[in-house]
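As provided, coords00.txt (compact mmCIF, C-alpha atoms) reads as follows.
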```txt
# COMPACT_ATOMS: atom_id res chain seq x y z
CA MET A 82 144.36 -27.48 148.37
CA LYS A 83 141.61 -25.19 147.19
CA LYS A 84 139.12 -27.92 147.94
CA ALA A 85 140.35 -28.24 151.51
CA ILE A 86 140.08 -24.46 151.99
CA SER A 87 136.54 -24.48 150.60
CA VAL A 88 135.53 -27.25 153.01
CA VAL A 89 136.96 -25.22 155.91
CA VAL A 90 135.00 -22.17 154.71
CA ILE A 91 131.83 -24.29 154.57
CA LEU A 92 132.45 -25.52 158.12
CA ILE A 93 132.95 -21.95 159.33
CA ALA A 94 129.71 -20.97 157.57
CA PHE A 95 127.98 -23.88 159.32
CA LEU A 96 129.21 -22.78 162.74
CA PHE A 97 128.23 -19.18 161.99
CA ILE A 98 124.73 -20.30 161.00
CA TYR A 99 124.54 -22.55 164.05
CA PHE A 100 125.19 -19.65 166.42
CA LEU A 101 122.91 -17.35 164.43
CA GLN A 102 120.15 -19.93 164.55
CA SER A 103 120.42 -20.69 168.27
CA ASN A 104 120.80 -17.08 169.37
CA PHE A 105 119.56 -14.45 166.94
CA PHE A 106 116.78 -16.41 165.26
CA SER A 107 115.47 -17.77 168.55
CA TRP A 108 113.96 -14.33 169.21
CA PHE A 109 113.92 -12.75 165.72
CA THR A 110 110.94 -14.85 164.69
CA ILE A 111 107.77 -14.47 162.67
CA SER A 112 105.05 -15.20 165.25
CA GLY A 113 107.31 -17.60 167.10
CA ILE A 114 108.56 -19.52 164.05
CA SER A 115 112.26 -19.39 163.23
CA PRO A 116 113.72 -20.04 159.77
CA ASN A 117 116.04 -22.95 158.95
CA LEU A 118 119.24 -21.72 157.35
CA PHE A 119 120.84 -25.17 157.37
CA ILE A 120 118.49 -26.24 154.59
CA ILE A 121 119.62 -23.29 152.45
CA LEU A 122 123.30 -24.00 153.17
CA VAL A 123 123.15 -27.71 152.36
CA LEU A 124 121.00 -27.11 149.27
CA LEU A 125 123.55 -24.63 147.95
CA ILE A 126 126.48 -26.96 148.57
CA GLY A 127 124.65 -29.68 146.63
CA LEU A 128 123.66 -27.24 143.92
CA PHE A 129 127.09 -25.70 143.31
CA ALA A 130 129.57 -28.35 144.44
CA GLY A 131 127.73 -31.48 143.40
CA LYS A 132 125.74 -34.32 144.86
CA ARG A 133 128.63 -35.99 146.60
CA LEU A 134 129.86 -33.08 148.71
CA GLY A 135 126.25 -31.94 149.26
CA SER A 136 125.09 -35.20 150.77
CA LEU A 137 128.34 -35.66 152.69
CA MET A 138 128.04 -32.22 154.26
CA GLY A 139 124.32 -32.81 154.89
CA LEU A 140 125.18 -36.04 156.68
CA PHE A 141 127.82 -34.35 158.80
CA PHE A 142 125.74 -31.30 159.72
CA GLY A 143 122.68 -33.43 160.40
CA LEU A 144 124.63 -35.76 162.69
CA TYR A 145 126.09 -32.80 164.55
CA LEU A 146 122.66 -31.20 165.05
CA ASP A 147 121.09 -34.50 166.12
CA ILE A 148 123.81 -35.24 168.65
CA VAL A 149 124.11 -31.76 170.12
CA ILE A 150 120.51 -30.56 170.30
CA GLY A 151 118.29 -33.27 168.87
CA LYS A 152 116.08 -35.78 170.61
CA ASN A 153 116.62 -38.79 168.34
CA LEU A 154 119.61 -39.66 166.26
CA GLY A 155 118.87 -39.63 162.56
CA LEU A 156 116.06 -37.16 161.89
CA SER A 157 118.12 -34.19 160.67
CA THR A 158 120.83 -36.54 159.42
CA VAL A 159 118.56 -38.31 156.96
CA MET A 160 116.74 -35.18 155.84
CA LEU A 161 119.81 -32.96 155.39
CA THR A 162 121.63 -35.71 153.45
CA LEU A 163 118.58 -35.96 151.21
CA ILE A 164 118.54 -32.17 150.68
CA GLY A 165 122.24 -32.21 149.73
CA PHE A 166 121.57 -34.98 147.23
CA LEU A 167 118.51 -33.15 145.87
CA GLY A 168 120.62 -30.01 145.40
CA GLY A 169 122.87 -32.00 143.10
CA CYS A 170 119.86 -33.23 141.14
CA PHE A 171 118.39 -29.72 140.86
CA ASP A 172 121.65 -28.56 139.30
CA LYS A 173 121.00 -30.65 136.19
CA THR A 174 117.40 -29.55 135.69
CA PHE A 175 117.27 -25.91 136.77
CA SER A 176 119.23 -22.78 136.00
CA LYS A 177 121.08 -21.16 138.87
CA GLU A 178 121.14 -17.79 137.15
CA SER A 179 117.85 -16.40 138.34
CA ARG A 180 116.77 -15.39 141.79
CA LEU A 181 113.37 -16.94 141.23
CA THR A 182 114.59 -20.48 140.54
CA ILE A 183 116.86 -20.39 143.59
CA MET A 184 113.91 -19.17 145.67
CA LEU A 185 111.67 -21.92 144.31
CA MET A 186 114.34 -24.52 145.04
CA VAL A 187 114.64 -23.23 148.63
CA ILE A 188 110.84 -23.35 149.02
CA GLY A 189 110.71 -26.89 147.62
CA SER A 190 113.51 -28.22 149.75
CA THR A 191 112.19 -26.54 152.91
CA CYS A 192 108.84 -28.28 152.31
CA ILE A 193 110.53 -31.64 151.66
CA TYR A 194 112.79 -31.29 154.70
CA GLU A 195 110.07 -30.26 157.12
CA ILE A 196 107.46 -32.77 155.92
CA GLY A 197 110.04 -35.57 155.99
CA TYR A 198 111.27 -34.50 159.42
CA TYR A 199 107.73 -34.41 160.79
CA ILE A 200 106.86 -37.84 159.34
CA LEU A 201 110.07 -39.32 160.79
CA GLU A 202 109.27 -37.74 164.13
CA ILE A 203 105.75 -39.20 164.06
CA ILE A 204 107.23 -42.63 163.37
CA GLU A 205 110.05 -42.42 165.92
CA ASN A 206 108.23 -40.79 168.83
CA SER A 207 104.66 -41.81 167.96
CA ILE A 208 103.53 -38.23 168.50
CA TYR A 209 99.98 -37.00 168.11
CA ILE A 210 99.48 -35.85 164.49
CA GLU A 211 98.40 -32.22 164.23
CA ILE A 212 97.97 -31.33 160.58
CA LEU A 213 96.69 -27.75 160.77
CA PRO A 214 99.28 -26.40 163.24
CA PHE A 215 101.95 -28.19 161.21
CA ILE A 216 100.82 -26.52 157.98
CA ARG A 217 100.83 -23.14 159.73
CA ILE A 218 104.40 -23.64 160.98
CA LEU A 219 105.52 -24.97 157.60
CA SER A 220 104.08 -22.08 155.61
CA ILE A 221 105.57 -19.42 157.90
CA GLU A 222 108.93 -21.16 157.75
CA VAL A 223 108.79 -21.39 153.95
CA ILE A 224 107.99 -17.67 153.71
CA TYR A 225 110.76 -16.81 156.15
CA ASN A 226 113.32 -18.95 154.30
CA SER A 227 112.42 -17.44 150.94
CA ILE A 228 112.67 -13.88 152.31
CA LEU A 229 116.13 -14.74 153.62
CA THR A 230 117.08 -16.16 150.22
CA VAL A 231 116.17 -12.86 148.57
CA ILE A 232 118.35 -10.99 151.08
CA LEU A 233 121.27 -13.41 150.82
CA TYR A 234 121.06 -13.90 147.04
CA PRO A 235 124.14 -11.84 145.99
CA CYS A 236 126.23 -13.56 148.65
CA ILE A 237 124.85 -16.97 147.65
CA GLN A 238 125.63 -16.36 143.99
CA LYS A 239 129.19 -15.18 144.52
CA LEU A 240 130.17 -17.95 146.91
CA GLY A 241 128.26 -20.49 144.86
CA TYR A 242 130.18 -19.83 141.66
CA LEU A 243 133.44 -19.85 143.59
CA LEU A 244 132.52 -23.28 144.94
CA GLU A 245 131.51 -24.47 141.49
CA ASP A 246 134.86 -23.35 140.07
CA ILE A 247 136.72 -25.28 142.72
CA TRP A 248 134.67 -28.48 142.63
CA LYS A 249 133.54 -28.74 139.04
CA GLY A 250 135.94 -26.56 137.08
CA GLN A 251 138.57 -29.23 136.54
CA LYS A 252 136.08 -31.81 135.39
CA ILE A 253 134.83 -29.60 132.60
CA LEU A 254 138.39 -28.90 131.49
CA THR A 255 139.30 -32.55 131.12
CA ARG A 256 136.06 -33.30 129.37
CA TYR A 257 136.02 -30.56 126.77
CA PHE A 258 139.61 -29.56 126.09
CA MET B 907 124.76 -3.23 134.57
CA HIS B 908 125.49 -0.57 137.19
CA GLN B 909 121.82 0.38 137.37
CA ASN B 910 120.87 -3.26 137.65
CA LYS B 911 123.21 -3.77 140.58
CA LYS B 912 121.90 -0.66 142.29
CA ARG B 913 118.36 -1.86 141.84
CA GLY B 914 119.33 -5.22 143.34
CA ILE B 915 120.75 -3.56 146.44
CA ILE B 916 117.62 -1.42 146.85
CA GLY B 917 115.53 -4.59 146.53
CA ILE B 918 117.55 -6.30 149.26
CA VAL B 919 117.28 -3.30 151.59
CA ILE B 920 113.51 -3.16 151.04
CA THR B 921 113.25 -6.91 151.78
CA ILE B 922 115.26 -6.54 155.00
CA VAL B 923 113.03 -3.66 156.14
CA LEU B 924 109.92 -5.70 155.25
CA LEU B 925 111.26 -8.70 157.20
CA ILE B 926 111.92 -6.57 160.28
CA ILE B 927 108.41 -5.10 160.07
CA ILE B 928 106.88 -8.60 159.73
CA VAL B 929 108.87 -9.89 162.70
CA ILE B 930 107.90 -6.94 164.90
CA LEU B 931 104.24 -6.99 163.89
CA SER B 932 103.86 -10.75 164.28
CA ASN B 933 105.38 -10.79 167.75
CA ILE B 934 103.74 -7.69 169.17
CA GLN B 935 100.88 -8.14 171.64
CA THR B 936 97.70 -6.15 171.20
CA ASN B 937 98.13 -4.85 174.75
CA ASP B 938 101.37 -3.16 173.76
CA LEU B 939 99.47 -1.19 171.17
CA SER B 940 97.03 0.35 173.66
CA PHE B 941 98.67 3.79 173.33
CA VAL B 942 98.06 3.72 169.56
CA GLU B 943 94.52 2.58 170.20
CA SER B 944 93.88 5.39 172.66
CA ALA B 945 95.45 7.96 170.31
CA LEU B 946 93.31 6.76 167.42
CA GLY B 947 90.32 6.64 169.76
CA LYS B 948 90.85 10.26 170.77
CA LEU B 949 90.71 11.22 167.13
CA VAL B 950 87.28 9.78 166.42
CA MET B 951 85.66 9.58 169.87
CA PRO B 952 84.46 13.22 170.18
CA ILE B 953 82.76 13.02 166.80
CA GLN B 954 81.32 9.61 167.64
CA ASN B 955 80.01 10.92 170.96
CA GLY B 956 78.47 13.97 169.29
CA MET B 957 76.78 11.80 166.69
CA THR B 958 75.37 9.45 169.32
CA TYR B 959 74.13 12.39 171.37
CA LEU B 960 72.46 13.91 168.33
CA LYS B 961 70.86 10.60 167.38
CA ASN B 962 69.53 10.06 170.91
CA ALA B 963 68.27 13.62 171.13
CA LEU B 964 66.43 13.31 167.84
CA ALA B 965 65.01 9.89 168.59
CA GLY B 966 63.69 10.69 172.09
CA ASN B 967 62.90 14.32 171.37
CA ASP B 968 59.60 14.56 173.22
CA SER B 969 60.61 12.78 176.43
CA PHE B 970 64.01 14.50 176.61
CA PHE B 971 62.93 17.48 178.72
CA SER B 972 60.09 15.91 180.68
CA ASP B 973 62.25 13.15 182.14
CA ILE B 974 65.04 15.40 183.30
CA ASN B 975 63.82 15.72 186.93
CA GLY B 976 63.30 12.00 187.33
CA LEU B 977 66.69 11.34 185.86
CA GLN B 978 68.39 13.61 188.36
CA GLU B 979 66.92 11.66 191.27
CA GLU B 980 67.82 8.36 189.68
CA ASN B 981 71.32 9.62 189.10
CA GLU B 982 71.76 10.43 192.80
CA ALA B 983 70.52 7.00 193.85
CA LEU B 984 72.78 5.23 191.37
CA LYS B 985 75.80 7.23 192.48
CA GLU B 986 75.14 6.17 196.06
CA GLU B 987 74.84 2.53 195.05
CA ASN B 988 77.94 2.75 192.92
CA SER B 989 80.12 4.00 195.76
CA GLN B 990 78.83 1.22 197.99
CA LEU B 991 79.61 -1.40 195.35
CA GLU B 992 83.06 0.03 194.81
CA GLN B 993 83.71 -0.18 198.53
CA SER B 994 82.80 -3.87 198.69
CA LEU B 995 84.76 -4.58 195.50
CA ARG B 996 87.86 -3.08 197.05
CA GLU B 997 87.45 -5.26 200.12
CA LEU B 998 87.05 -8.32 197.92
CA GLU B 999 90.17 -7.42 195.92
CA ILE B 1000 92.18 -7.24 199.13
CA ILE B 1001 90.89 -10.62 200.28
CA LYS B 1002 91.58 -12.11 196.83
CA ALA B 1003 95.16 -10.85 196.77
CA GLU B 1004 95.73 -12.16 200.27
CA ASN B 1005 94.29 -15.52 199.25
CA GLU B 1006 96.56 -15.68 196.16
CA THR B 1007 99.69 -15.02 198.17
CA LEU B 1008 98.77 -17.59 200.78
CA LYS B 1009 97.96 -20.17 198.11
CA GLU B 1010 101.23 -19.52 196.34
CA TYR B 1011 103.10 -19.83 199.58
CA VAL B 1012 101.46 -23.15 200.44
CA ASN B 1013 101.68 -24.55 196.91
CA LEU B 1014 105.18 -23.67 195.84
CA LYS B 1015 107.51 -22.73 198.63
CA ASP B 1016 106.82 -25.66 200.90
CA LYS B 1017 106.86 -28.28 198.19
CA TYR B 1018 110.21 -27.53 196.66
CA THR B 1019 112.18 -27.35 199.90
CA GLU B 1020 111.99 -31.11 200.37
CA TYR B 1021 114.05 -31.82 197.24
CA THR B 1022 117.77 -31.39 196.80
CA THR B 1023 118.31 -29.48 193.59
CA ILE B 1024 121.13 -28.55 191.24
CA PRO B 1025 120.80 -25.06 189.73
CA ALA B 1026 121.57 -24.72 186.00
CA TYR B 1027 121.39 -22.27 183.10
CA VAL B 1028 119.74 -22.93 179.76
CA ILE B 1029 122.56 -22.70 177.22
CA ASN B 1030 120.91 -23.94 174.03
CA LYS B 1031 117.58 -24.75 172.45
CA ASN B 1032 116.60 -27.06 169.62
CA ILE B 1033 116.43 -25.07 166.38
CA SER B 1034 113.57 -27.12 164.99
CA ASN B 1035 110.11 -25.58 165.17
CA TYR B 1036 108.53 -28.92 166.18
CA SER B 1037 110.75 -29.95 169.05
CA ASP B 1038 111.34 -28.29 172.38
CA GLU B 1039 114.52 -29.63 173.87
CA ILE B 1040 116.85 -27.46 175.88
CA VAL B 1041 120.48 -27.97 176.82
CA ILE B 1042 121.61 -26.99 180.33
CA ASN B 1043 125.08 -26.34 181.66
CA VAL B 1044 125.32 -29.14 184.24
CA GLY B 1045 126.25 -32.74 183.49
CA SER B 1046 127.34 -36.03 184.99
CA LYS B 1047 130.17 -34.18 186.74
CA ASP B 1048 127.59 -32.35 188.86
CA GLY B 1049 125.64 -35.52 189.57
CA VAL B 1050 122.96 -35.20 186.88
CA GLU B 1051 121.53 -38.46 185.58
CA VAL B 1052 119.06 -39.45 182.87
CA ASN B 1053 115.35 -39.22 183.85
CA MET B 1054 115.88 -36.67 186.60
CA PRO B 1055 113.03 -34.12 186.69
CA VAL B 1056 113.78 -30.48 185.94
CA ILE B 1057 111.83 -27.57 187.42
CA ALA B 1058 111.92 -23.78 187.36
CA ASP B 1059 110.72 -21.57 190.20
CA GLN B 1060 107.26 -21.33 188.62
CA GLY B 1061 106.73 -25.05 187.98
CA LEU B 1062 107.66 -28.16 186.03
CA VAL B 1063 110.01 -27.91 183.01
CA GLY B 1064 110.72 -31.50 181.92
CA HIS B 1065 113.18 -34.34 182.41
CA ILE B 1066 116.75 -35.18 181.44
CA ILE B 1067 117.04 -37.37 178.32
CA SER B 1068 120.81 -37.48 177.89
CA VAL B 1069 123.87 -36.39 179.82
CA THR B 1070 127.44 -35.56 178.88
CA GLU B 1071 130.16 -34.60 181.30
CA ASP B 1072 129.32 -30.89 181.30
CA THR B 1073 125.88 -30.61 179.72
CA ALA B 1074 122.53 -32.32 179.83
CA LYS B 1075 119.67 -32.39 177.35
CA VAL B 1076 116.19 -31.79 178.73
CA GLN B 1077 112.96 -32.81 177.02
CA THR B 1078 110.46 -30.16 178.06
CA ILE B 1079 106.84 -30.99 178.85
CA VAL B 1080 105.66 -28.85 175.89
CA ASP B 1081 107.60 -31.03 173.41
CA THR B 1082 105.25 -32.88 171.07
CA ALA B 1083 106.82 -36.21 172.03
CA SER B 1084 106.21 -35.62 175.74
CA THR B 1085 103.27 -37.13 177.61
CA LEU B 1086 102.75 -36.85 181.35
CA SER B 1087 100.22 -37.83 183.93
CA CYS B 1088 98.76 -35.00 185.98
CA THR B 1089 96.10 -34.28 188.60
CA VAL B 1090 93.62 -31.44 188.84
CA SER B 1091 94.35 -29.89 192.24
CA THR B 1092 90.70 -29.30 193.21
CA SER B 1093 88.97 -32.50 192.10
CA ARG B 1094 92.03 -34.82 192.17
CA ASP B 1095 91.03 -36.27 188.77
CA ILE B 1096 93.91 -37.76 186.80
CA LEU B 1097 94.52 -36.51 183.25
CA ILE B 1098 97.06 -37.20 180.53
CA ALA B 1099 98.68 -34.03 179.13
CA ARG B 1100 100.78 -33.90 176.00
CA GLY B 1101 102.77 -31.21 174.24
CA THR B 1102 101.20 -29.56 171.22
CA LEU B 1103 102.36 -27.73 168.11
CA GLU B 1104 99.57 -25.18 168.40
CA ALA B 1105 101.16 -22.72 170.80
CA GLU B 1106 104.21 -22.44 172.97
CA SER B 1107 103.72 -22.99 176.72
CA THR B 1108 100.47 -24.93 176.32
CA LEU B 1109 99.61 -28.57 176.87
CA LYS B 1110 96.58 -30.44 175.63
CA THR B 1111 94.70 -33.08 177.56
CA THR B 1112 92.56 -35.51 175.61
CA TYR B 1113 90.67 -38.60 176.76
CA ILE B 1114 89.37 -36.86 179.88
CA PRO B 1115 87.36 -39.39 181.94
CA THR B 1116 83.63 -38.71 181.53
CA GLU B 1117 83.04 -38.35 185.26
CA ALA B 1118 85.98 -35.99 185.79
CA THR B 1119 85.28 -32.36 186.67
CA VAL B 1120 87.68 -30.11 184.81
CA LEU B 1121 87.11 -26.40 185.28
CA GLN B 1122 88.78 -23.38 183.75
CA GLY B 1123 91.29 -21.84 186.14
CA ASP B 1124 91.99 -25.03 188.10
CA ASN B 1125 95.62 -25.73 188.94
CA VAL B 1126 97.17 -28.87 187.49
CA GLU B 1127 100.09 -30.67 189.12
CA THR B 1128 102.05 -33.86 188.55
CA SER B 1129 100.32 -37.02 189.76
CA GLY B 1130 103.43 -38.99 190.63
CA LEU B 1131 102.45 -41.83 188.28
CA GLY B 1132 104.95 -42.86 185.63
CA GLY B 1133 107.99 -42.87 187.83
CA ILE B 1134 109.84 -39.82 186.51
CA TYR B 1135 108.18 -36.82 188.11
CA PRO B 1136 107.57 -36.65 191.86
CA LYS B 1137 104.02 -35.94 192.99
CA GLY B 1138 102.70 -32.41 193.44
CA ILE B 1139 104.85 -30.21 191.21
CA LEU B 1140 102.80 -27.41 189.65
CA ILE B 1141 102.38 -27.78 185.88
CA GLY B 1142 100.01 -24.93 185.10
CA THR B 1143 96.40 -23.86 185.05
CA ILE B 1144 93.54 -25.03 182.84
CA GLU B 1145 93.09 -22.32 180.24
CA SER B 1146 90.01 -23.63 178.47
CA VAL B 1147 87.81 -26.70 178.30
CA THR B 1148 86.28 -27.50 174.92
CA ASN B 1149 83.13 -29.55 175.09
CA THR B 1150 82.13 -31.53 172.04
CA LYS B 1151 78.89 -33.34 171.19
CA ASN B 1152 80.39 -36.56 172.45
CA VAL B 1153 81.51 -36.23 176.06
CA THR B 1154 84.46 -38.57 175.57
CA ASP B 1155 85.91 -36.29 172.89
CA ARG B 1156 86.19 -33.20 175.06
CA TYR B 1157 89.62 -31.75 175.60
CA ALA B 1158 91.26 -29.07 177.71
CA THR B 1159 94.28 -26.85 177.19
CA ILE B 1160 96.66 -26.16 180.04
CA LYS B 1161 98.69 -22.97 180.21
CA THR B 1162 102.01 -23.98 181.72
CA ALA B 1163 103.19 -22.11 184.79
CA VAL B 1164 106.63 -21.80 183.18
CA ASP B 1165 106.98 -19.42 180.24
CA PHE B 1166 109.14 -21.56 177.95
CA SER B 1167 110.04 -18.69 175.62
CA LYS B 1168 111.74 -16.85 178.49
CA LEU B 1169 113.19 -19.83 180.36
CA GLU B 1170 116.71 -19.09 181.57
CA THR B 1171 117.40 -20.80 184.88
CA VAL B 1172 116.23 -24.24 185.99
CA LEU B 1173 116.70 -26.64 188.89
CA VAL B 1174 117.43 -30.35 188.46
CA ILE B 1175 115.89 -32.48 191.22
CA GLN B 1176 118.27 -35.15 192.48
```
Now that the file is in, can you turn its structure into structure tokens?
Amino acid sequence: MKKAISVVVILIAFLFIYFLQSNFFSWFTISGISPNLFIILVLLIGLFAGKRLGSLMGLFFGLYLDIVIGKNLGLSTVMLTLIGFLGGCFDKTFSKESRLTIMLMVIGSTCIYEIGYYILEIIENSIYIEILPFIRILSIEVIYNSILTVILYPCIQKLGYLLEDIWKGQKILTRYF
Amino acid sequence: MHQNKKRGIIGIVITIVLLIIIVILSNIQTNDLSFVESALGKLVMPIQNGMTYLKNALAGNDSFFSDINGLQEENEALKEENSQLEQSLRELEIIKAENETLKEYVNLKDKYTEYTTIPAYVINKNISNYSDEIVINVGSKDGVEVNMPVIADQGLVGHIISVTEDTAKVQTIVDTASTLSCTVSTSRDILIARGTLEAESTLKTTYIPTEATVLQGDNVETSGLGGIYPKGILIGTIESVTNTKNVTDRYATIKTAVDFSKLETVLVIQ
């Protein structure tokens, strides 16, 4: 039951971010570059609720974005699924206690997502490769995402541990007691 | 613990303020700051003027008084000339403005009346920083089909790539995956323009034929080749031509007539 509620909450968060991203962040930009909150959301689901839910949610969100506003099917789908999976892997190697590690994880996954997305787009649409403008966009986006992580950190932490309790709490009980 | 929490909140507030400042500063145009510039200028200009005057006076000390009569005469003559020049400039400005309006009238108004169009609003944009698709609020119900060209009142926007019952997705011409054939309106040379990541509302043309004449300020319109866009829709004006050592490597950037950051209403050509 709790799991179902948490999934509904995640979906509401997704819709909220979707509207934020297509309205507010389309003009609240740093020199024309908007952040990508979906990466942060999927990374956190993977990080706190595990690989499985992370990649599943990444798959679902990516598909939705590709179908509704994307040009080709599969770009966001593949990359967001990967980020969800990576979140689960990060959980084993890094501590979630400190703001800095969360920020570094967001920076890392933003880089992975954007580079992967761009490479896939080059392959799918055979676009003209522009390295310098791409690096400029990527670095502004990374900075923007990490600033947002700092602002959202308390919220991230609280919701994250709640998620972890729901999705991993029982496992630990059966294993250790 | 309490102090720690308080410090955290202060940190967040500072970050939010910093973010807002960054967003405002990075999006502001230098023109908008002209009042600050003039205020700052007023602060230092009198001193600067005084210094320059002093320097000139000291440097040309001996000729300063002897030339004063000659200067007065010269001043009169220059004033006369200046007023004449201003007069002719004003006349030219009037002719230029008249010319612009006539050109606009011929170029735009007449061309678009021959198409039947479906008006639509832009309801969504791709959130990715590398793609420029827009979603509009008309679909197959209104008679929209894939590959129909989309225009705005200033010029070409793009073409439909997918349609649902109530909405349609438009790939804009500034999207990096978009390539279109266009003609320079003065020389009728055909160019290939593609979307670029470098700036919004600009296109880049590479592989310009060596014999083609491409000049800054020329209008560029669709050539009609390729089968999607009809001939003669305004795309934009050539903003700059970059010449390289090898003439085949030169490229030009086109400023699109449509401002894609402020695009709200479009027309789908049936």
Counting only C-alpha atoms, which residues of chain B fall within 10 Å of chain A, and what is the closest atom pair for each with its distance in Å at one decimal, ordered by chain and rising number, as a Markdown table?
```
| residue | atom | partner | partner_atom | distance |
| --- | --- | --- | --- | --- |
| B:Lys911 | CA | A:Pro235 | CA | 9.8 |
| B:Gly914 | CA | A:Pro235 | CA | 8.6 |
| B:Ile915 | CA | A:Pro235 | CA | 9.0 |
| B:Gly917 | CA | A:Ile232 | CA | 8.3 |
| B:Ile918 | CA | A:Ile232 | CA | 5.1 |
| B:Val919 | CA | A:Ile232 | CA | 7.8 |
| B:Ile920 | CA | A:Ile232 | CA | 9.2 |
| B:Thr921 | CA | A:Ile232 | CA | 6.6 |
| B:Ile922 | CA | A:Ile232 | CA | 6.7 |
| B:Leu924 | CA | A:Ile228 | CA | 9.1 |
| B:Leu925 | CA | A:Ile228 | CA | 7.3 |
| B:Ile926 | CA | A:Phe109 | CA | 8.5 |
| B:Ile927 | CA | A:Ile111 | CA | 9.7 |
| B:Ile928 | CA | A:Ile111 | CA | 6.6 |
| B:Val929 | CA | A:Ile111 | CA | 4.7 |
| B:Ile930 | CA | A:Ile111 | CA | 7.9 |
| B:Leu931 | CA | A:Ile111 | CA | 8.4 |
| B:Ser932 | CA | A:Ser112 | CA | 4.7 |
| B:Asn933 | CA | A:Ser112 | CA | 5.1 |
| B:Ile934 | CA | A:Ser112 | CA | 8.6 |
| B:Ile1029 | CA | A:Ser103 | CA | 9.4 |
| B:Asn1030 | CA | A:Ser103 | CA | 6.6 |
| B:Lys1031 | CA | A:Ser103 | CA | 6.5 |
| B:Asn1032 | CA | A:Ile150 | CA | 5.3 |
| B:Ile1033 | CA | A:Ser103 | CA | 6.2 |
| B:Ser1034 | CA | A:Asn117 | CA | 7.7 |
| B:Asn1035 | CA | A:Ile114 | CA | 6.4 |
| B:Tyr1036 | CA | A:Tyr199 | CA | 7.7 |
| B:Ser1037 | CA | A:Lys152 | CA | 8.1 |
| B:Asp1038 | CA | A:Lys152 | CA | 9.0 |
| B:Glu1039 | CA | A:Ile150 | CA | 7.0 |
| B:Ile1040 | CA | A:Ile150 | CA | 7.4 |
| B:Val1041 | CA | A:Ile150 | CA | 7.0 |
| B:Ile1067 | CA | A:Lys152 | CA | 7.9 |
| B:Ser1068 | CA | A:Lys152 | CA | 8.8 |
| B:Thr1073 | CA | A:Val149 | CA | 9.8 |
| B:Ala1074 | CA | A:Val149 | CA | 9.9 |
| B:Lys1075 | CA | A:Ile150 | CA | 7.3 |
| B:Val1076 | CA | A:Lys152 | CA | 9.0 |
| B:Gln1077 | CA | A:Lys152 | CA | 7.7 |
| B:Asp1081 | CA | A:Ile208 | CA | 9.6 |
| B:Thr1082 | CA | A:Ile208 | CA | 6.2 |
| B:Ala1083 | CA | A:Ile208 | CA | 5.2 |
| B:Ser1084 | CA | A:Ile208 | CA | 8.1 |
| B:Thr1085 | CA | A:Ile208 | CA | 9.2 |
| B:Arg1100 | CA | A:Tyr209 | CA | 8.5 |
| B:Gly1101 | CA | A:Tyr209 | CA | 8.9 |
| B:Thr1102 | CA | A:Glu211 | CA | 8.0 |
| B:Leu1103 | CA | A:Pro214 | CA | 5.9 |
| B:Glu1104 | CA | A:Pro214 | CA | 5.3 |
| B:Ala1105 | CA | A:Pro214 | CA | 8.6 |
| B:Glu1106 | CA | A:Gly113 | CA | 8.2 |
| B:Ser1167 | CA | A:Trp108 | CA | 8.7 |
| B:Lys1168 | CA | A:Trp108 | CA | 9.9 |
```
> At what distance in Å, to one decimal, does atom CA of Leu1140 of chain B lie from atom CA of Leu1008 of chain B?
Replying inline: 15.4 Å
> If we count only C-alpha atoms, what is near Gly1130 of chain B at a cut-off of 10 Å, once residues fewer than 6 positions away on the same chain are taken out, given as JSON, numbers by chain?
Replying inline: {"B": [1086, 1087, 1088, 1089, 1136, 1137, 1138, 1139]}
Written file, previous selection with C-alpha atoms, as a JSON list (two decimals), in the frame of the given file:
```
[["chain", "number", "residue", "atom", "x", "y", "z"],
["B", 1086, "LEU", "CA", 102.75, -36.85, 181.35],
["B", 1087, "SER", "CA", 100.22, -37.83, 183.93],
["B", 1088, "CYS", "CA", 98.76, -35.00, 185.98],
["B", 1089, "THR", "CA", 96.10, -34.28, 188.60],
["B", 1136, "PRO", "CA", 107.57, -36.65, 191.86],
["B", 1137, "LYS", "CA", 104.02, -35.94, 192.99],
["B", 1138, "GLY", "CA", 102.70, -32.41, 193.44],
["B", 1139, "ILE", "CA", 104.85, -30.21, 191.21]]
```
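Straight-line separation from atom CA of Gln1060 of chain B to atom CA of Leu101 of chain A: 29.1 Å.
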Contacts of segment 1094-1099 of chain B within 9 Å, all atoms listed in the file, excl. fewer than 5 positions in-chain, as a short mmCIF file (atom, residue, chain, number, x, y, z; two decimals) with C-alpha atoms, keeping the file's coordinate frame:
```cif
data_model
loop_
_atom_site.label_atom_id
_atom_site.label_comp_id
_atom_site.auth_asym_id
_atom_site.auth_seq_id
_atom_site.Cartn_x
_atom_site.Cartn_y
_atom_site.Cartn_z
CA ILE B 1079 106.84 -30.99 178.85
CA SER B 1084 106.21 -35.62 175.74
CA THR B 1085 103.27 -37.13 177.61
CA LEU B 1086 102.75 -36.85 181.35
CA SER B 1087 100.22 -37.83 183.93
CA CYS B 1088 98.76 -35.00 185.98
CA THR B 1089 96.10 -34.28 188.60
CA LEU B 1109 99.61 -28.57 176.87
CA LYS B 1110 96.58 -30.44 175.63
CA THR B 1111 94.70 -33.08 177.56
CA THR B 1112 92.56 -35.51 175.61
CA TYR B 1113 90.67 -38.60 176.76
CA ILE B 1114 89.37 -36.86 179.88
CA PRO B 1115 87.36 -39.39 181.94
CA GLU B 1117 83.04 -38.35 185.26
CA ALA B 1118 85.98 -35.99 185.79
CA THR B 1119 85.28 -32.36 186.67
CA VAL B 1120 87.68 -30.11 184.81
CA SER B 1129 100.32 -37.02 189.76
CA THR B 1159 94.28 -26.85 177.19
CA ILE B 1160 96.66 -26.16 180.04
#
```
